[in-house]
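K.L.:
Here you go, one structure.
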Amino acid sequence: MTRRRQIYEGKAKILYEGPEPGTLIQYFKDDATAFNAQKRGTISGKGVLNNRISEHIFVALQTIGIPTHFIRRLNMREQLIRQVEIIPIEVVVRNVAAGSISKRLGIEEGTQLPRTIIEYYYKDDALGDPMIADEHIACFGWASQDEMNDIADMAIRVNDFMCGMFAGIGIRLVDFKLEFGRIWENDYSRVILADEISPDGCRLWDMKSNEKLDKDRFRQDLGGEAEAYQEVARRLGLMPDGEETAVLDLESHRKKRGK
């Protein structure tokens, strides 16, 4: 048996050479990182849950015309995806003040923003993924103006769709991160959605209790990370009701921790 060739390993995923030219296999790890990997840990079963959640969302987005790198899920932890040339920009869409925007601008966490905000960050771990403006993107040629127009349009469409999807299951979409890549057809390229969409890169709050159902539970040492990810999967219909590990009981979790 030949060992498949590893292309790249990131903080949450490993990319392997795919079975056909122009494809890759994306493997989801249980590793958890925060604060630019200064904090590291493991969330049991996270890779399996993120694989299923991201598959579910990408398939749904494809039905509304958002082009993505997703082809199909291969198993519990792996997806077959299109190989893309990643654009080195993280696109953050914000609906509610939380995280860095609250710290930067002194806005109380949980404040509904008057309008949706799109922010751009340069993908460079060594630099701490600094926030950038359109002028930086144009100046350094990270993406063309046409590509940025497409990215902004897709980001807003993704946000509108996901806000409705999560609201339907009692979850508030606070903010989320997207990544995009180029695929080439002869001499022409087009931009498609890449990476993943999961509780790793989204802030998801329960609409009634404001309980955090995302990686902030790891960042803020709240505990109950696996249960929160399971709850998102359960509400999306990806885990059967009644499965013991799929039921989120953060109140019980806090009592066990003596809080």
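Naming works like this for the structure tokens: A, B, ... for the chains as they're shown, residue 1 at the start of each chain, ligands 1 onward in shown order.
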Show me, as a Markdown table, the residues of region 65-183 of chain A having an atom within 12 Å of region 37-43 of chain A, each with the closest atom pair and its distance in Å, using only C-alpha atoms.

P.N.:
```
| residue | atom | partner | partner_atom | distance |
| --- | --- | --- | --- | --- |
| A:Asp125 | CA | A:Ala37 | CA | 8.4 |
| A:Ala126 | CA | A:Ala37 | CA | 10.3 |
| A:Gly128 | CA | A:Ala37 | CA | 9.6 |
| A:Asp129 | CA | A:Ala37 | CA | 11.5 |
```

K.L.:
Mind checking which residues fall within 12 Å of region 138-145 of chain A, counting only C-alpha atoms, ignoring those fewer than 5 positions away in the same chain, and posting them as a PDB file with C-alpha atoms, in the first residue's frame?

P.N.:
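Generated file (part37.pdb):
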```
ATOM      1  CA  GLU A  85      -4.815  28.836  -5.040  1.00  0.00           C
ATOM      2  CA  ILE A  86      -5.690  30.305  -1.653  1.00  0.00           C
ATOM      3  CA  ILE A  87      -6.068  34.094  -1.593  1.00  0.00           C
ATOM      4  CA  PRO A  88      -4.089  35.221   1.503  1.00  0.00           C
ATOM      5  CA  ILE A  89      -6.986  37.137   3.021  1.00  0.00           C
ATOM      6  CA  GLU A  90      -9.279  36.108   5.860  1.00  0.00           C
ATOM      7  CA  TYR A 120     -10.144  41.756   5.950  1.00  0.00           C
ATOM      8  CA  TYR A 121      -7.080  40.232   7.621  1.00  0.00           C
ATOM      9  CA  TYR A 122      -3.777  39.249   6.027  1.00  0.00           C
ATOM     10  CA  LYS A 123      -3.195  35.510   6.434  1.00  0.00           C
ATOM     11  CA  ILE A 132      -5.862  45.235   6.421  1.00  0.00           C
ATOM     12  CA  ALA A 133      -7.799  47.609   4.167  1.00  0.00           C
ATOM     13  CA  ASP A 150     -16.859  38.870  -5.998  1.00  0.00           C
ATOM     14  CA  ILE A 151     -15.586  38.041  -2.500  1.00  0.00           C
ATOM     15  CA  ALA A 152     -17.643  40.806  -0.863  1.00  0.00           C
ATOM     16  CA  PHE A 180     -11.489  32.038  -0.758  1.00  0.00           C
ATOM     17  CA  GLY A 181      -9.310  30.576  -3.482  1.00  0.00           C
ATOM     18  CA  ARG A 182      -8.776  30.757  -7.226  1.00  0.00           C
ATOM     19  CA  SER A 189      -9.381  32.282 -12.937  1.00  0.00           C
ATOM     20  CA  ARG A 190     -12.469  32.546 -10.802  1.00  0.00           C
ATOM     21  CA  VAL A 191     -12.899  32.837  -7.056  1.00  0.00           C
TER      22      VAL A 191
END
```

K.L.:
As a list in words, list the residues of region 40-122 of chain A assigned to alpha helix (DSSP H) by DSSP on the backbone atoms of this structure.

P.N.:
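Result set for region 40-122 of chain A (alpha helix (DSSP H)): Lys46, Gly47, Val48, Leu49, Asn50, Asn51, Arg52, Ile53, Ser54, Glu55, His56, Ile57, Phe58, Val59, Ala60, Leu61, Gln62, Thr63, Ser100, Ile101, Ser102, Lys103, Arg104 and Leu105 of chain A.
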
K.L.:
Would you save the residues of that selection, restricted to C-alpha atoms, as a PDB file, in the first residue's frame?

P.N.:
```pdb
ATOM      1  CA  LYS A  46     -14.134  18.071  16.926  1.00  0.00           C
ATOM      2  CA  GLY A  47     -12.767  16.935  13.580  1.00  0.00           C
ATOM      3  CA  VAL A  48     -15.679  14.569  12.984  1.00  0.00           C
ATOM      4  CA  LEU A  49     -18.249  17.220  13.904  1.00  0.00           C
ATOM      5  CA  ASN A  50     -16.608  20.001  11.873  1.00  0.00           C
ATOM      6  CA  ASN A  51     -16.400  17.689   8.856  1.00  0.00           C
ATOM      7  CA  ARG A  52     -20.144  17.024   9.010  1.00  0.00           C
ATOM      8  CA  ILE A  53     -21.139  20.614   9.820  1.00  0.00           C
ATOM      9  CA  SER A  54     -18.948  22.111   7.091  1.00  0.00           C
ATOM     10  CA  GLU A  55     -20.226  19.571   4.560  1.00  0.00           C
ATOM     11  CA  HIS A  56     -23.820  20.434   5.454  1.00  0.00           C
ATOM     12  CA  ILE A  57     -23.259  24.176   5.083  1.00  0.00           C
ATOM     13  CA  PHE A  58     -21.202  23.983   1.883  1.00  0.00           C
ATOM     14  CA  VAL A  59     -23.774  21.751   0.188  1.00  0.00           C
ATOM     15  CA  ALA A  60     -26.530  24.177   1.197  1.00  0.00           C
ATOM     16  CA  LEU A  61     -24.537  27.151  -0.104  1.00  0.00           C
ATOM     17  CA  GLN A  62     -23.986  25.403  -3.430  1.00  0.00           C
ATOM     18  CA  THR A  63     -27.756  25.136  -3.842  1.00  0.00           C
ATOM     19  CA  SER A 100     -11.569  41.757  18.636  1.00  0.00           C
ATOM     20  CA  ILE A 101     -14.019  44.425  17.461  1.00  0.00           C
ATOM     21  CA  SER A 102     -15.321  44.825  21.017  1.00  0.00           C
ATOM     22  CA  LYS A 103     -11.763  45.261  22.300  1.00  0.00           C
ATOM     23  CA  ARG A 104     -10.637  47.564  19.483  1.00  0.00           C
ATOM     24  CA  LEU A 105     -13.630  49.904  19.553  1.00  0.00           C
TER      25      LEU A 105
END
```

K.L.:
Work out how far apart CA of Leu80 (chain A) and CA of Gly22 (chain A) are and give it in Å to one decimal.

P.N.:
10.6 Å

K.L.:
Pick out each residue of region 13-79 of chain A that DSSP on the backbone tags as strand (DSSP E); I need them as a tab-separated table (two decimals) with C-alpha atoms, in the first residue's frame.

P.N.:
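Now in states_31.tsv:
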```tsv
chain	number	residue	atom	x	y	z
A	13	LYS	CA	-6.66	20.38	9.11
A	14	ILE	CA	-4.25	18.36	6.97
A	15	LEU	CA	-4.32	18.40	3.17
A	16	TYR	CA	-3.29	15.32	1.20
A	17	GLU	CA	-2.83	14.74	-2.49
A	23	THR	CA	-8.21	17.51	-6.12
A	24	LEU	CA	-7.11	17.26	-2.50
A	25	ILE	CA	-8.24	15.30	0.54
A	26	GLN	CA	-8.97	17.53	3.53
A	27	TYR	CA	-8.58	15.83	6.94
A	28	PHE	CA	-10.15	17.44	10.03
A	31	ASP	CA	-6.54	19.94	17.65
A	32	ALA	CA	-7.76	23.28	18.98
A	33	THR	CA	-5.79	26.51	18.96
A	34	ALA	CA	-6.52	30.09	19.97
A	39	LYS	CA	-3.07	28.39	23.34
A	40	ARG	CA	-3.29	24.76	22.27
A	41	GLY	CA	-5.49	21.85	23.23
A	42	THR	CA	-7.77	19.12	21.96
A	70	PHE	CA	-16.30	20.99	-1.70
A	71	ILE	CA	-16.86	17.86	-3.81
A	72	ARG	CA	-18.01	15.20	-1.34
A	73	ARG	CA	-17.38	13.81	2.13
A	78	GLU	CA	-12.18	13.57	5.36
A	79	GLN	CA	-13.56	15.48	2.39
```

K.L.:
Which neighbours of Leu236 (chain A) fall inside 10 Å, counting only C-alpha atoms, when residues of the same chain fewer than 2 positions from it are skipped, and could you give them as JSON, numbers by chain?

P.N.:
{"A": [52, 53, 56, 57, 165, 166, 168, 169, 230, 231, 232, 233, 234, 238, 239]}

K.L.:
CA of Met154 (chain A) and CA of Tyr188 (chain A) are how many Å apart?

P.N.:
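Going from CA of Met154 (chain A) over to CA of Tyr188 (chain A) covers 19.2 Å.
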
K.L.:
Can you work out which one of A:Val84, A:Met148, A:Ile64, A:Met76 has the shortest atom-to-atom distance to Gly45 (chain A), counting only C-alpha atoms?

P.N.:
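Of the candidates, the smallest distance to Gly45 (chain A) is held by A:Met76.
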
K.L.:
Would you give me, as CSV, each residue of region 95-129 of chain A having an atom within 9 Å of an atom of region 172-179 of chain A, along with its shortest atom pair and that distance in Å to one decimal, using only C-alpha atoms and sorting by chain and residue number?

P.N.:
```
residue,atom,partner,partner_atom,distance
A:Asn95,CA,A:Val174,CA,5.3
A:Val96,CA,A:Val174,CA,4.9
A:Ala97,CA,A:Val174,CA,7.4
A:Ala98,CA,A:Val174,CA,7.4
A:Gly110,CA,A:Val174,CA,8.1
A:Gln112,CA,A:Val174,CA,8.7
```

K.L.:
Give me, as an MDAnalysis selection string, all polymer residues having an atom no more than 10 Å from Gly201 (chain A), counting only C-alpha atoms and skipping those fewer than 2 positions away in the same chain.

P.N.:
chainID A and resid 92 175:178 196:199 203:204 214:216

K.L.:
Counting only C-alpha atoms, which residue out of A:Arg235, A:Arg5, A:His69, A:Arg157 sits closest to Asp206 (chain A)?

P.N.:
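Under the stated criterion, the closest residue is A:Arg235.
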
K.L.:
Counting only C-alpha atoms, which of A:Asp200, A:Ile183, A:Trp205, A:Leu193 gets nearest to Cys163 (chain A)?

P.N.:
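Using only C-alpha atoms, Cys163 (chain A) sits closest to A:Trp205.
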